[in-house]
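Participant: Next comes the structure file run_29.txt, holding compact mmCIF, C-alpha atoms.
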# COMPACT_ATOMS: atom_id res chain seq x y z
CA MET R 178 -11.97 -12.60 -8.12
CA THR R 179 -15.65 -13.47 -8.09
CA GLU R 180 -18.49 -11.18 -7.06
CA SER R 181 -18.80 -13.20 -3.85
CA ASP R 182 -15.08 -12.69 -3.13
CA ARG R 183 -15.50 -8.96 -3.69
CA MET R 184 -18.46 -8.85 -1.33
CA GLN R 185 -16.41 -10.66 1.33
CA LEU R 186 -13.58 -8.20 0.81
CA LEU R 187 -16.01 -5.29 1.20
CA ARG R 188 -17.37 -6.76 4.44
CA ALA R 189 -13.85 -7.31 5.76
CA LYS R 190 -12.75 -3.76 4.99
CA VAL R 191 -15.85 -2.30 6.64
CA ALA R 192 -15.19 -4.47 9.70
CA GLU R 193 -11.55 -3.26 9.81
CA SER R 194 -12.44 0.43 9.72
CA SER R 195 -15.91 1.82 9.05
CA GLN R 196 -18.55 2.04 6.36
CA SER R 197 -17.91 5.74 6.03
CA LYS R 198 -14.13 5.34 5.51
CA VAL R 199 -14.59 2.54 3.00
CA ALA R 200 -17.23 4.53 1.12
CA LYS R 201 -14.89 7.51 0.91
CA ALA R 202 -12.00 5.35 -0.35
CA LEU R 203 -14.28 3.87 -3.03
CA GLY R 204 -15.79 7.21 -4.05
CA TYR R 205 -19.34 6.30 -2.99
CA LYS R 206 -21.72 7.51 -0.32
CA PRO R 207 -21.97 5.48 2.90
CA ALA R 208 -25.64 4.80 2.11
CA THR R 209 -24.61 2.99 -1.08
CA ILE R 210 -22.26 0.73 0.86
CA SER R 211 -24.95 0.12 3.47
CA LEU R 212 -27.50 -0.86 0.81
CA ILE R 213 -25.06 -3.23 -0.87
CA LEU R 214 -24.10 -4.88 2.42
CA SER R 215 -27.75 -5.36 3.37
CA ASP R 216 -28.57 -6.70 -0.13
CA ASN R 217 -31.05 -3.85 -0.68
CA TYR R 218 -29.19 -1.96 -3.40
CA PRO R 219 -31.78 -1.15 -6.09
CA GLY R 220 -29.41 -1.71 -9.01
CA SER R 221 -26.64 -4.10 -9.79
CA PRO R 222 -23.73 -3.88 -7.35
CA VAL R 223 -21.24 -4.99 -10.02
CA THR R 224 -19.70 -1.54 -10.58
CA VAL R 225 -19.28 -0.89 -6.86
CA LEU R 226 -17.81 -4.35 -6.29
CA GLN R 227 -15.43 -3.80 -9.23
CA LYS R 228 -14.22 -0.66 -7.46
CA VAL R 229 -13.75 -2.71 -4.26
CA ALA R 230 -11.45 -5.07 -6.19
CA GLU R 231 -9.56 -2.12 -7.71
CA VAL R 232 -9.00 -0.32 -4.41
CA TYR R 233 -8.57 -3.21 -1.97
CA GLY R 234 -7.86 -6.30 -4.05
CA SER R 235 -4.48 -7.78 -4.91
CA GLU R 236 -5.42 -8.96 -8.39
CA THR R 237 -3.02 -8.16 -11.22
CA VAL R 238 -3.76 -7.97 -14.93
CA PRO R 239 -1.54 -8.11 -18.02
CA CYS R 240 -0.70 -4.73 -19.52
CA PRO R 241 0.56 -4.42 -23.11
CA LEU R 242 2.88 -1.59 -22.03
CA HIS R 243 3.97 -2.43 -18.47
CA GLY R 244 3.66 -6.22 -18.24
CA GLU R 245 1.73 -6.83 -15.01
CA LEU R 246 -0.24 -4.09 -13.25
CA SER R 247 -2.49 -4.09 -10.24
CA LEU R 248 -6.15 -3.96 -11.18
CA GLY R 249 -6.35 -0.53 -9.53
CA ALA R 250 -3.43 0.90 -11.52
CA CYS R 251 -4.94 -0.50 -14.72
CA ALA R 252 -8.26 1.17 -13.95
CA ASP R 253 -6.54 4.47 -13.17
CA HIS R 254 -4.76 4.42 -16.53
CA ARG R 255 -7.96 3.48 -18.40
CA ARG R 256 -9.97 6.30 -16.86
CA ARG R 257 -7.53 9.08 -17.72
CA ALA R 258 -8.53 11.59 -20.35
CA ARG R 259 -6.75 11.72 -23.68
CA PRO R 260 -3.40 13.41 -22.99
CA GLY R 261 -1.93 16.37 -24.80
CA GLY R 262 1.80 16.40 -25.47
CA ASN R 263 3.33 14.08 -22.88
CA HIS R 264 4.80 11.21 -24.94
CA GLU R 265 4.61 8.64 -22.14
CA ARG R 266 0.96 9.42 -21.38
CA VAL R 267 0.06 9.29 -25.08
CA GLN R 268 1.76 5.90 -25.30
CA GLN R 269 -0.16 4.72 -22.21
CA TYR R 270 -3.44 6.04 -23.61
CA ARG R 271 -2.93 4.18 -26.89
CA ALA R 272 -1.96 0.97 -25.10
CA CYS R 273 -5.11 1.18 -22.95
CA LYS R 274 -7.32 1.72 -26.00
CA ALA R 275 -5.77 -1.29 -27.74
CA CYS R 276 -6.12 -3.52 -24.67
CA GLU R 277 -9.26 -5.63 -24.20
CA ARG R 278 -9.81 -4.04 -20.76
CA GLY R 279 -9.68 -0.55 -22.25
CA GLN R 280 -12.48 -1.31 -24.68
CA SER R 281 -15.08 -2.07 -22.02
Starting from the file, give its structure as structure tokens.

Facilitator:
Amino acid sequence: MTESDRMQLLRAKVAESSQSKVAKALGYKPATISLILSDNYPGSPVTVLQKVAEVYGSETVPCPLHGELSLGACADHRRRARPGGNHERVQQYRACKACERGQS
């Protein structure tokens, strides 16, 4: 999914509901979404648009442990803290660290 595709997806989701609801789902403030949509965001919108793809996109990625995962599920696994004693979570943590996506 290209950055342009992600921007279109963001626009579509805002049109379906509201800027405020989309911002909440993405974990950003409505002002951030407004600035990105109006092309006035002071930084790079890449991180926000990546989150758009994770939350709303249908893209899947290969997982060394699970086979295919949605981009959102992959991101959730990657962002988890190092687990304590749960064997399955330790296994997932190690798989994420070994994966090329987990090293970024």

Participant: Let me make sure I understand: among R:Ile213, R:Gly234, R:Ser194, R:Pro260, which one has the smallest atom-to-atom distance to Leu248 (chain R) if we use all atoms listed in the file?

Facilitator: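 The shortest atom-to-atom distance to Leu248 (chain R) comes from R:Gly234.
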
Participant: Give me, as a PDB file with C-alpha atoms, in the coordinates of the input, all polymer residues having an atom no more than 12 Å from Ala189 (chain R), counting all atoms listed in the file and skipping those fewer than 6 positions away in the same chain.

Facilitator:
ATOM      1  CA  ASP R 182     -15.080 -12.690  -3.130  1.00  0.00           C
ATOM      2  CA  ARG R 183     -15.500  -8.960  -3.690  1.00  0.00           C
ATOM      3  CA  SER R 195     -15.910   1.820   9.050  1.00  0.00           C
ATOM      4  CA  GLN R 196     -18.550   2.040   6.360  1.00  0.00           C
ATOM      5  CA  VAL R 199     -14.590   2.540   3.000  1.00  0.00           C
ATOM      6  CA  LEU R 214     -24.100  -4.880   2.420  1.00  0.00           C
ATOM      7  CA  VAL R 229     -13.750  -2.710  -4.260  1.00  0.00           C
ATOM      8  CA  TYR R 233      -8.570  -3.210  -1.970  1.00  0.00           C
ATOM      9  CA  GLY R 234      -7.860  -6.300  -4.050  1.00  0.00           C
TER      10      GLY R 234
END

Participant: Here is a test: counting all atoms listed in the file, which residue of R:Asp253, R:Met184, R:Lys201, R:Gly244 is nearest to Asp216 (chain R)?

Facilitator: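 Looking at the shortest contact to Asp216 (chain R), the residue is R:Met184.
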
Participant: What is the CA of Leu226 (chain R) to CA of Arg259 (chain R) distance in Å?

Facilitator: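 CA of Arg259 (chain R) lies 26.1 Å from CA of Leu226 (chain R).
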
Participant: Please provide the set of residues having any atom within 12 Å of region 205-212 of chain R, restricted to all atoms listed in the file, with same-chain residues fewer than 5 positions apart removed, written as a list of chain:residue names.

Facilitator: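 Near neighbours after the sequence-gap exclusion: R:Met184, R:Leu187, R:Arg188, R:Lys190, R:Val191, R:Ser195, R:Gln196, R:Ser197, R:Lys198, R:Val199, R:Ala200, R:Asn217, R:Tyr218, R:Pro219, R:Gly220, R:Ser221, R:Pro222, R:Thr224, R:Val225, R:Leu226, R:Lys228, R:Val229.
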
Participant: Hey, which of R:Leu203, R:Val232, R:Val223, R:Ala192 ends up closest to Gly249 (chain R)? Count only C-alpha atoms.

Facilitator: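 Closest to Gly249 (chain R), using only C-alpha atoms: R:Val232.
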
Participant: For CA of Glu265 (chain R) and CA of Pro239 (chain R), quote the distance in Å rounded to one decimal.

Facilitator: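 CA of Pro239 (chain R) lies at a distance of 18.3 Å from CA of Glu265 (chain R).
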
Participant: Which distance in Å separates CA of Cys251 (chain R) and CA of Thr179 (chain R), to one decimal?

Facilitator: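 Separation of CA of Cys251 (chain R) and CA of Thr179 (chain R): 18.1 Å.
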